[in-house]
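Shown here: structure.cif, mmCIF, C-alpha atoms and all ligand atoms.
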data_query
#
loop_
_atom_site.label_atom_id
_atom_site.label_comp_id
_atom_site.auth_asym_id
_atom_site.auth_seq_id
_atom_site.Cartn_x
_atom_site.Cartn_y
_atom_site.Cartn_z
CA MET A 1 -28.41 21.57 -14.12
CA SER A 2 -26.04 21.85 -11.18
CA LEU A 3 -23.23 19.38 -10.66
CA HIS A 4 -24.14 16.54 -8.29
CA PRO A 5 -22.07 16.80 -5.05
CA SER A 6 -20.85 13.19 -5.35
CA VAL A 7 -19.60 13.75 -8.90
CA ALA A 8 -18.02 17.02 -7.74
CA ALA A 9 -16.24 15.24 -4.86
CA VAL A 10 -14.74 12.61 -7.14
CA ARG A 11 -13.66 15.20 -9.71
CA LEU A 12 -12.08 17.40 -7.07
CA GLY A 13 -9.88 14.55 -5.86
CA VAL A 14 -8.76 13.83 -9.39
CA ARG A 15 -8.22 17.51 -10.29
CA ARG A 16 -5.82 17.96 -7.39
CA VAL A 17 -3.75 14.98 -8.44
CA LEU A 18 -3.62 15.95 -12.11
CA ALA A 19 -2.66 19.56 -11.37
CA PRO A 20 1.12 19.09 -11.80
CA LEU A 21 0.76 17.48 -15.25
CA ALA A 22 1.29 19.36 -18.50
CA SER A 23 -0.62 19.26 -21.76
CA GLY A 24 0.13 16.09 -23.70
CA ASP A 25 1.09 14.06 -20.63
CA THR A 26 -0.39 10.58 -20.28
CA VAL A 27 -2.29 9.38 -17.24
CA LEU A 28 -3.06 5.71 -16.76
CA VAL A 29 -6.19 4.75 -14.78
CA ALA A 30 -6.38 1.29 -13.20
CA CYS A 31 -9.98 0.08 -13.33
CA SER A 32 -11.43 -3.15 -11.96
CA GLY A 33 -14.90 -2.25 -13.23
CA GLY A 34 -16.14 -1.60 -9.67
CA ALA A 35 -17.84 1.64 -8.72
CA ASP A 36 -14.74 3.27 -7.22
CA SER A 37 -12.50 2.89 -10.22
CA LEU A 38 -15.27 3.44 -12.76
CA ALA A 39 -16.09 6.77 -11.12
CA LEU A 40 -12.36 7.46 -11.16
CA VAL A 41 -12.16 6.85 -14.93
CA ALA A 42 -15.11 9.15 -15.60
CA ALA A 43 -13.67 11.93 -13.43
CA THR A 44 -10.23 11.56 -15.00
CA VAL A 45 -11.59 11.79 -18.54
CA PHE A 46 -13.51 14.90 -17.52
CA GLU A 47 -10.65 16.58 -15.70
CA ALA A 48 -8.12 15.71 -18.41
CA ARG A 49 -9.93 17.75 -21.05
CA ARG A 50 -8.78 21.21 -20.08
CA PRO A 51 -5.09 20.51 -19.59
CA SER A 52 -5.42 18.20 -22.62
CA LEU A 53 -3.99 15.03 -21.11
CA ARG A 54 -4.11 11.62 -22.73
CA VAL A 55 -6.11 9.15 -20.61
CA VAL A 56 -5.37 5.46 -20.91
CA GLY A 57 -7.51 2.90 -19.07
CA VAL A 58 -6.28 -0.52 -18.05
CA THR A 59 -8.00 -3.48 -16.46
CA VAL A 60 -6.19 -6.54 -15.18
CA ASP A 61 -7.74 -9.97 -15.56
CA HIS A 62 -6.38 -12.18 -12.79
CA GLY A 63 -8.25 -15.18 -14.19
CA LEU A 64 -9.29 -16.18 -10.66
CA GLN A 65 -13.05 -16.19 -11.16
CA ASP A 66 -15.38 -17.69 -13.73
CA GLY A 67 -16.24 -15.12 -16.35
CA SER A 68 -13.29 -12.87 -15.48
CA SER A 69 -12.34 -12.36 -19.13
CA GLU A 70 -15.92 -11.31 -20.00
CA GLN A 71 -15.85 -8.91 -17.05
CA ALA A 72 -12.53 -7.47 -18.23
CA ALA A 73 -13.91 -7.03 -21.76
CA ARG A 74 -16.95 -5.25 -20.33
CA THR A 75 -14.76 -2.90 -18.30
CA VAL A 76 -12.64 -2.07 -21.32
CA ARG A 77 -15.81 -1.29 -23.33
CA GLN A 78 -17.06 0.98 -20.56
CA MET A 79 -13.74 2.81 -20.35
CA ALA A 80 -13.81 3.42 -24.11
CA GLU A 81 -17.43 4.64 -23.92
CA ILE A 82 -16.55 7.01 -21.10
CA GLY A 83 -13.92 8.51 -23.37
CA CYS A 84 -10.49 7.01 -22.62
CA ASP A 85 -8.10 7.64 -25.51
CA GLU A 86 -6.81 4.10 -25.32
CA THR A 87 -7.63 0.99 -23.28
CA PHE A 88 -5.83 -2.19 -22.35
CA THR A 89 -6.68 -5.53 -20.82
CA VAL A 90 -3.80 -7.41 -19.30
CA THR A 91 -4.22 -11.04 -18.36
CA VAL A 92 -1.92 -12.17 -15.58
CA ALA A 93 -1.17 -15.61 -14.22
CA VAL A 94 -1.41 -15.46 -10.45
CA GLU A 95 1.03 -17.88 -8.92
CA ASP A 96 1.71 -17.79 -5.21
CA ALA A 97 5.30 -18.87 -5.69
CA ALA A 98 6.52 -16.75 -2.76
CA GLY A 99 3.92 -18.28 -0.40
CA ILE A 100 2.42 -14.87 0.41
CA GLY A 101 -1.23 -15.92 -0.05
CA PRO A 102 -3.52 -15.65 -3.07
CA GLU A 103 -4.68 -12.09 -2.41
CA ALA A 104 -1.16 -10.73 -2.05
CA ALA A 105 0.01 -12.75 -5.05
CA ALA A 106 -2.81 -11.27 -7.16
CA ARG A 107 -1.91 -7.78 -5.97
CA ARG A 108 1.75 -8.31 -6.80
CA ALA A 109 0.87 -9.58 -10.28
CA ARG A 110 -1.49 -6.64 -10.77
CA TYR A 111 1.11 -4.02 -9.88
CA ALA A 112 3.67 -5.69 -12.13
CA ALA A 113 1.14 -5.54 -14.99
CA LEU A 114 0.26 -1.91 -14.23
CA ASP A 115 3.95 -1.02 -14.22
CA GLN A 116 4.42 -2.64 -17.60
CA VAL A 117 1.50 -0.82 -19.17
CA ALA A 118 2.59 2.46 -17.56
CA ASP A 119 6.05 2.06 -19.11
CA HIS A 120 4.55 1.08 -22.45
CA VAL A 121 2.31 4.15 -22.69
CA GLY A 122 4.80 6.50 -21.00
CA ALA A 123 2.40 7.33 -18.17
CA ALA A 124 3.35 10.26 -15.95
CA LEU A 125 0.91 9.03 -13.32
CA VAL A 126 -1.05 5.88 -12.55
CA LEU A 127 -4.33 6.41 -10.69
CA LEU A 128 -5.88 3.93 -8.24
CA GLY A 129 -9.44 4.10 -6.94
CA HIS A 130 -9.02 3.44 -3.22
CA THR A 131 -11.55 5.41 -1.20
CA ARG A 132 -11.75 6.80 2.31
CA ASP A 133 -13.67 3.67 3.33
CA ASP A 134 -10.87 1.43 2.00
CA GLN A 135 -8.50 3.53 4.09
CA ALA A 136 -10.63 3.10 7.24
CA GLU A 137 -10.73 -0.66 6.70
CA THR A 138 -6.96 -0.73 6.22
CA VAL A 139 -6.43 1.15 9.48
CA LEU A 140 -8.67 -1.24 11.44
CA LEU A 141 -7.01 -4.29 9.91
CA GLY A 142 -3.61 -2.83 10.79
CA LEU A 143 -4.75 -2.10 14.34
CA ALA A 144 -5.85 -5.71 14.77
CA ARG A 145 -2.56 -6.99 13.32
CA GLY A 146 -0.70 -5.01 15.93
CA SER A 147 2.53 -4.62 14.03
CA GLY A 148 3.22 -1.05 14.97
CA GLY A 149 2.32 2.42 13.83
CA ARG A 150 3.13 1.83 10.19
CA SER A 151 0.44 -0.83 9.88
CA MET A 152 -2.15 1.61 11.25
CA ALA A 153 -0.97 4.47 9.08
CA GLY A 154 -2.96 3.22 6.11
CA MET A 155 -2.24 3.63 2.44
CA ARG A 156 -0.11 6.37 1.00
CA ARG A 157 -1.68 8.97 -1.24
CA ALA A 158 1.33 8.73 -3.50
CA PHE A 159 4.14 6.29 -4.12
CA ASP A 160 6.44 6.25 -7.13
CA ARG A 161 4.19 7.41 -9.97
CA TYR A 162 1.04 5.95 -8.36
CA ARG A 163 -1.64 8.23 -6.93
CA ARG A 164 -4.81 7.59 -4.93
CA PRO A 165 -7.00 10.60 -5.68
CA LEU A 166 -10.10 9.25 -3.90
CA LEU A 167 -8.73 8.78 -0.39
CA ASP A 168 -10.91 11.68 0.79
CA VAL A 169 -13.97 10.44 -1.08
CA SER A 170 -16.48 8.02 0.44
CA ARG A 171 -17.62 4.82 -1.24
CA LEU A 172 -21.15 6.20 -1.11
CA ASP A 173 -19.98 9.11 -3.26
CA THR A 174 -18.33 6.88 -5.88
CA ALA A 175 -21.44 4.69 -6.07
CA THR A 176 -23.68 7.74 -6.34
CA ALA A 177 -21.41 9.30 -8.96
CA CYS A 178 -21.72 6.14 -11.06
CA GLN A 179 -25.50 6.20 -10.73
CA VAL A 180 -25.73 9.86 -11.63
CA GLU A 181 -23.49 9.35 -14.66
CA GLY A 182 -25.32 6.23 -15.81
CA LEU A 183 -22.34 3.91 -15.26
CA ASP A 184 -23.22 0.33 -14.49
CA ALA A 185 -20.58 -0.76 -11.98
CA TRP A 186 -19.53 -4.38 -11.50
CA ASP A 187 -20.22 -5.95 -8.11
CA ASP A 188 -17.17 -8.08 -7.38
CA PRO A 189 -18.45 -11.19 -5.52
CA HIS A 190 -15.23 -11.10 -3.46
CA ASN A 191 -16.49 -7.84 -1.95
CA SER A 192 -19.27 -9.68 -0.13
CA ASP A 193 -17.40 -12.87 0.75
CA PRO A 194 -17.11 -12.96 4.57
CA GLY A 195 -14.15 -15.29 4.19
CA TYR A 196 -12.06 -12.13 3.78
CA ALA A 197 -11.17 -10.18 6.91
CA ARG A 198 -11.52 -6.93 4.95
CA VAL A 199 -15.09 -7.82 4.00
CA ARG A 200 -15.95 -8.58 7.63
CA VAL A 201 -14.53 -5.23 8.66
CA ARG A 202 -16.58 -3.53 5.96
CA THR A 203 -19.87 -5.31 6.53
CA ARG A 204 -19.80 -6.01 10.27
CA VAL A 205 -17.20 -4.02 12.18
CA LEU A 206 -17.48 -0.55 10.67
CA PRO A 207 -21.31 -0.51 10.80
CA VAL A 208 -21.15 -1.30 14.54
CA LEU A 209 -18.60 1.46 15.09
CA GLU A 210 -20.79 3.88 13.12
CA ASP A 211 -23.86 2.86 15.17
CA GLU A 212 -22.15 3.04 18.54
CA LEU A 213 -19.78 5.96 18.03
CA GLY A 214 -21.70 7.98 15.51
CA PRO A 215 -21.41 8.45 11.79
CA GLY A 216 -18.12 9.72 10.45
CA VAL A 217 -15.96 7.02 12.02
CA ALA A 218 -14.51 6.07 8.62
CA ALA A 219 -13.51 9.68 8.01
CA THR A 220 -11.97 9.93 11.49
CA LEU A 221 -9.96 6.75 11.00
CA ALA A 222 -8.72 7.99 7.63
CA ARG A 223 -7.73 11.33 9.15
CA THR A 224 -5.90 9.58 11.97
CA ALA A 225 -4.04 7.53 9.39
CA ASP A 226 -2.92 10.73 7.64
CA GLN A 227 -1.50 12.12 10.88
CA LEU A 228 0.15 8.86 11.84
CA ARG A 229 1.70 8.48 8.39
CA ALA A 230 3.24 11.92 8.62
CA ASP A 231 4.74 11.04 12.04
CA MET A 232 6.00 7.68 10.80
CA ASP A 233 7.58 9.30 7.76
CA LEU A 234 9.40 11.80 9.96
CA LEU A 235 10.70 9.07 12.28
CA ASP A 236 11.84 7.02 9.30
CA ASP A 237 13.71 10.03 7.88
CA LEU A 238 15.36 10.75 11.24
CA ALA A 239 16.36 7.09 11.59
CA GLU A 240 17.85 7.05 8.08
CA ALA A 241 19.92 10.10 8.90
CA ALA A 242 21.06 8.68 12.26
CA TYR A 243 21.87 5.33 10.69
CA GLY A 244 24.05 7.07 8.11
CA THR A 245 25.95 8.82 10.90
CA LEU A 246 26.27 5.82 13.21
CA VAL A 247 27.27 3.07 10.86
CA GLU A 248 31.02 2.59 10.82
CA GLY A 249 33.08 0.87 8.19
CA GLY A 250 29.89 0.03 6.37
CA SER A 251 28.63 -2.46 8.95
CA THR A 252 29.21 -1.90 12.68
CA ILE A 253 27.44 0.47 15.03
CA ASP A 254 28.85 1.63 18.33
CA ALA A 255 26.52 0.24 21.02
CA THR A 256 26.92 3.17 23.43
CA ALA A 257 26.18 5.74 20.73
CA LEU A 258 23.18 3.71 19.61
CA ALA A 259 21.90 3.32 23.18
CA ALA A 260 21.72 7.11 23.46
CA HIS A 261 18.88 7.20 20.92
CA PRO A 262 15.24 6.90 22.03
CA ASP A 263 13.44 3.58 21.48
CA ALA A 264 11.56 4.68 18.37
CA LEU A 265 14.76 5.70 16.60
CA ARG A 266 17.07 2.98 17.92
CA ARG A 267 14.79 0.19 16.76
CA ARG A 268 14.36 1.76 13.36
CA ILE A 269 18.13 2.12 13.05
CA LEU A 270 18.58 -1.56 13.90
CA ARG A 271 15.95 -2.51 11.36
CA LEU A 272 17.74 -0.49 8.71
CA ALA A 273 21.01 -2.18 9.64
CA ALA A 274 19.40 -5.62 9.36
CA LEU A 275 17.89 -4.80 5.97
CA ALA A 276 21.18 -3.36 4.74
CA ALA A 277 22.91 -6.57 5.81
CA GLY A 278 20.52 -8.67 3.73
CA CYS A 279 17.70 -9.74 6.05
CA PRO A 280 14.58 -10.07 3.85
CA SER A 281 12.08 -7.37 4.85
CA SER A 282 9.11 -9.77 4.56
CA GLU A 283 10.68 -12.04 7.21
CA LEU A 284 12.13 -9.42 9.51
CA PHE A 285 9.60 -9.09 12.34
CA HIS A 286 9.37 -6.79 15.31
CA GLU A 287 10.55 -9.63 17.59
CA HIS A 288 13.81 -9.78 15.63
CA VAL A 289 14.33 -6.07 16.06
CA LEU A 290 13.58 -6.33 19.78
CA ALA A 291 16.09 -9.17 20.11
CA LEU A 292 18.69 -7.06 18.33
CA ASP A 293 17.81 -4.15 20.57
CA ALA A 294 18.51 -6.29 23.62
CA LEU A 295 22.13 -6.52 22.42
CA VAL A 296 22.24 -2.75 22.88
CA THR A 297 20.06 -2.00 25.89
CA ASP A 298 19.96 -5.25 27.82
CA TRP A 299 23.33 -6.78 27.13
CA ARG A 300 24.21 -9.51 29.58
CA GLY A 301 26.99 -11.16 27.68
CA GLN A 302 24.87 -12.66 24.92
CA ARG A 303 26.95 -12.70 21.77
CA TRP A 304 24.46 -12.98 18.95
CA VAL A 305 20.82 -13.24 17.94
CA ASP A 306 19.59 -15.23 14.98
CA LEU A 307 17.96 -13.25 12.18
CA PRO A 308 16.14 -14.24 9.00
CA GLY A 309 18.06 -14.67 5.77
CA HIS A 310 20.86 -16.62 7.52
CA ARG A 311 22.07 -13.53 9.28
CA ARG A 312 22.79 -12.85 12.90
CA GLY A 313 23.21 -9.79 15.03
CA VAL A 314 26.49 -9.82 16.92
CA ARG A 315 27.83 -7.74 19.78
CA ARG A 316 31.59 -7.58 19.83
CA ASP A 317 34.03 -5.07 21.32
CA GLY A 318 31.26 -2.63 22.23
CA ALA A 319 29.77 -2.61 18.73
CA VAL A 320 26.78 -4.27 17.12
CA SER A 321 26.92 -5.67 13.62
CA ILE A 322 24.83 -7.92 11.46
CA GLU A 323 26.74 -10.70 9.85
CA ARG A 324 26.20 -13.70 7.65
CA ALA A 325 25.60 -16.73 9.89
CA PRO A 326 28.29 -19.37 9.48
CA THR A 327 26.97 -22.53 7.86
CA GLY A 328 27.24 -26.02 9.33
CA GLY A 329 27.47 -27.19 12.91
CA VAL A 330 26.33 -23.91 14.39
CA PRO A 331 23.89 -23.98 17.29
CA SER A 332 20.63 -22.29 16.26
CA ALA A 333 20.06 -20.69 19.66
CA PRO A 334 22.52 -18.11 20.87
CA PRO A 335 24.43 -18.98 24.02
CA ASP A 336 23.19 -16.83 26.86
N1 LIG A 401 -8.44 -6.00 -11.77
C1 LIG A 401 -8.03 -4.75 -11.70
N2 LIG A 401 -7.61 -4.12 -12.80
C2 LIG A 401 -7.15 -2.84 -12.74
N3 LIG A 401 -7.10 -2.14 -11.60
C3 LIG A 401 -7.51 -2.72 -10.47
C4 LIG A 401 -7.99 -4.07 -10.46
N4 LIG A 401 -8.32 -4.38 -9.20
C5 LIG A 401 -8.07 -3.29 -8.46
N5 LIG A 401 -7.58 -2.29 -9.22
C6 LIG A 401 -7.18 -0.94 -8.80
O1 LIG A 401 -6.91 -0.96 -7.40
C7 LIG A 401 -7.88 -0.16 -6.71
C8 LIG A 401 -8.21 -0.82 -5.39
O2 LIG A 401 -8.86 -2.03 -5.64
P1 LIG A 401 -9.15 -3.08 -4.51
O3 LIG A 401 -9.46 -2.36 -3.26
O4 LIG A 401 -10.05 -4.09 -5.05
O5 LIG A 401 -7.77 -3.73 -4.49
P2 LIG A 401 -6.82 -4.06 -3.30
O6 LIG A 401 -6.23 -5.34 -3.67
O7 LIG A 401 -7.47 -3.90 -1.99
O8 LIG A 401 -5.90 -2.84 -3.58
P3 LIG A 401 -4.37 -2.72 -3.52
O9 LIG A 401 -3.86 -4.07 -3.62
O10 LIG A 401 -4.10 -1.90 -4.77
O11 LIG A 401 -4.03 -2.03 -2.25
C9 LIG A 401 -9.04 -0.06 -7.68
O12 LIG A 401 -9.82 1.09 -7.42
C10 LIG A 401 -8.34 0.03 -8.99
O13 LIG A 401 -7.82 1.32 -9.22
#

Hey, can you dump this file as structure tokens for me?
Amino acid sequence: MSLHPSVAAVRLGVRRVLAPLASGDTVLVACSGGADSLALVAATVFEARRPSLRVVGVTVDHGLQDGSSEQAARTVRQMAEIGCDETFTVTVAVEDAAGIGPEAAARRARYAALDQVADHVGAALVLLGHTRDDQAETVLLGLARGSGGRSMAGMRRAFDRYRRPLLDVSRLDTATACQVEGLDAWDDPHNSDPGYARVRVRTRVLPVLEDELGPGVAATLARTADQLRADMDLLDDLAEAAYGTLVEGGSTIDATALAAHPDALRRRILRLAALAAGCPSSELFHEHVLALDALVTDWRGQRWVDLPGHRRGVRRDGAVSIERAPTGGVPSAPPD
């Protein structure tokens, strides 16, 4: 019997990612029990045979839904049946202490748990089951957020030891692969809850785009994200290099030298300077960077701009620096 194309597509993605590993290495697969990550587990177990890798499966129970522990137990059973050498369930307490929202808090807790298990088992790689459709949704959500190229550049294929082998594989393929392999995937009720913007993009926006613009829009968006990410990465690298050259005495940057750089680099350099000076990245918005940039390109005597993390950007003696804001009795708006 010939190999089903959907199974072949999932396996190919995994094979490419596992290629650098050596016999005896451990790969950790993160599985929610949904079709994407279940297909990922099956493909990983299959592809790990020939190089003789150890496959460990892990599922994280966020405890956010009724029956989540039963669902986690079911996923662990399935991973063992598929052939994982070892399986783990990790229960995490999701607390939104940082005020980042429940979804982001759950994600943060999940990655912390995955990191712990990866350390524990000595994993060379950790695999995640995001698909091409997830990527397309991410691009559209980023486009709507409007926070620059990086937000439209989608998810990385690789970061630290994490890999996303299915970014070229459609959700239809992962679902079909599960069917063909007799895997009963879990339907997360969150995935059909229109309260989530991502679900609305998936169920309402993308189908309209597919209808109006033709099938293949998800693939096109994902491909665009790949190109954009490569461009963003290059600009970030150039800005890092320029920042290293421009920064004097560890903190000040000559305004004239900085002004000679094009917008895309200058603003990145200023962002790097703000981060290096202690502005929290989660609170440093594009408006802050633009205000800092005005000290360089539109300087009309203004002396500072307020920045998050009790910092301020200052222009003094032809140089820009980011300093700790003095406490007490300081006007919050800069004098103009
Ligand atoms: N509860 C879980 N336990 C283990 N792995 C999970 C869990 N939930 C998600 N994952 C991993 O993350 C992948 C993406 O899942 P999903 O799209 O639901 O999460 P997300 O929150 O959008 O993703 P991310 O936060 O990782 O960008 C899954 O294919 C799986 O590999």

Box for ligand LIG 401 (chain A): with edges along x, y and z, all listed atoms inside and 8 Å added on each side, what are the centre and edge lengths in Å to one decimal, as AutoDock Vina command-line options?
--center_x -7.0 --center_y -2.3 --center_z -7.4 --size_x 22.2 --size_y 23.3 --size_z 26.8

Point-to-point distance from atom CA of A:Gln116 to atom C8 of ligand LIG 401 (chain A), Å rounded to tenths: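 Interatomic distance, atom CA of A:Gln116 to atom C8 of ligand LIG 401 (chain A): 17.7 Å.
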
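Comparing A:Asp25, A:Glu95, A:Glu137, A:Asp293 by their smallest distance to ligand LIG 401 (chain A), the closest is A:Glu137 (using all atoms listed in the file).
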
Shortest interatomic distance to A:Leu228 - which of A:Arg145, A:Arg198, A:Arg150, A:Arg15, counting all atoms listed in the file: A:Arg150

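The smallest atom-to-atom distance between A:Met232 and any of A:Gly154, A:Gly301, A:Gly313, A:Pro207, using only C-alpha atoms, is found for A:Gly154.
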
Separation of atom CA of A:Leu295 from atom CA of A:Ala260, in Å and rounded to one decimal: 13.7 Å

d(atom CA of A:Ser282, atom CA of A:Gly99) in Å: 11.1 Å

Pick from A:Leu206, A:Gly318, A:Phe285, A:Ala230 nearest to A:Ala259, counting only C-alpha atoms: A:Gly318

Residues within 7 Å of ligand LIG 401 (chain A), counting all atoms listed in the file, as JSON, numbers by chain: {"A": [29, 30, 31, 32, 36, 37, 58, 59, 60, 61, 62, 107, 110, 127, 128, 129, 130, 134]}

Pick from A:Val45, A:Val92, A:Leu167, A:Val14 nearest to A:Leu64, counting all atoms listed in the file: A:Val92
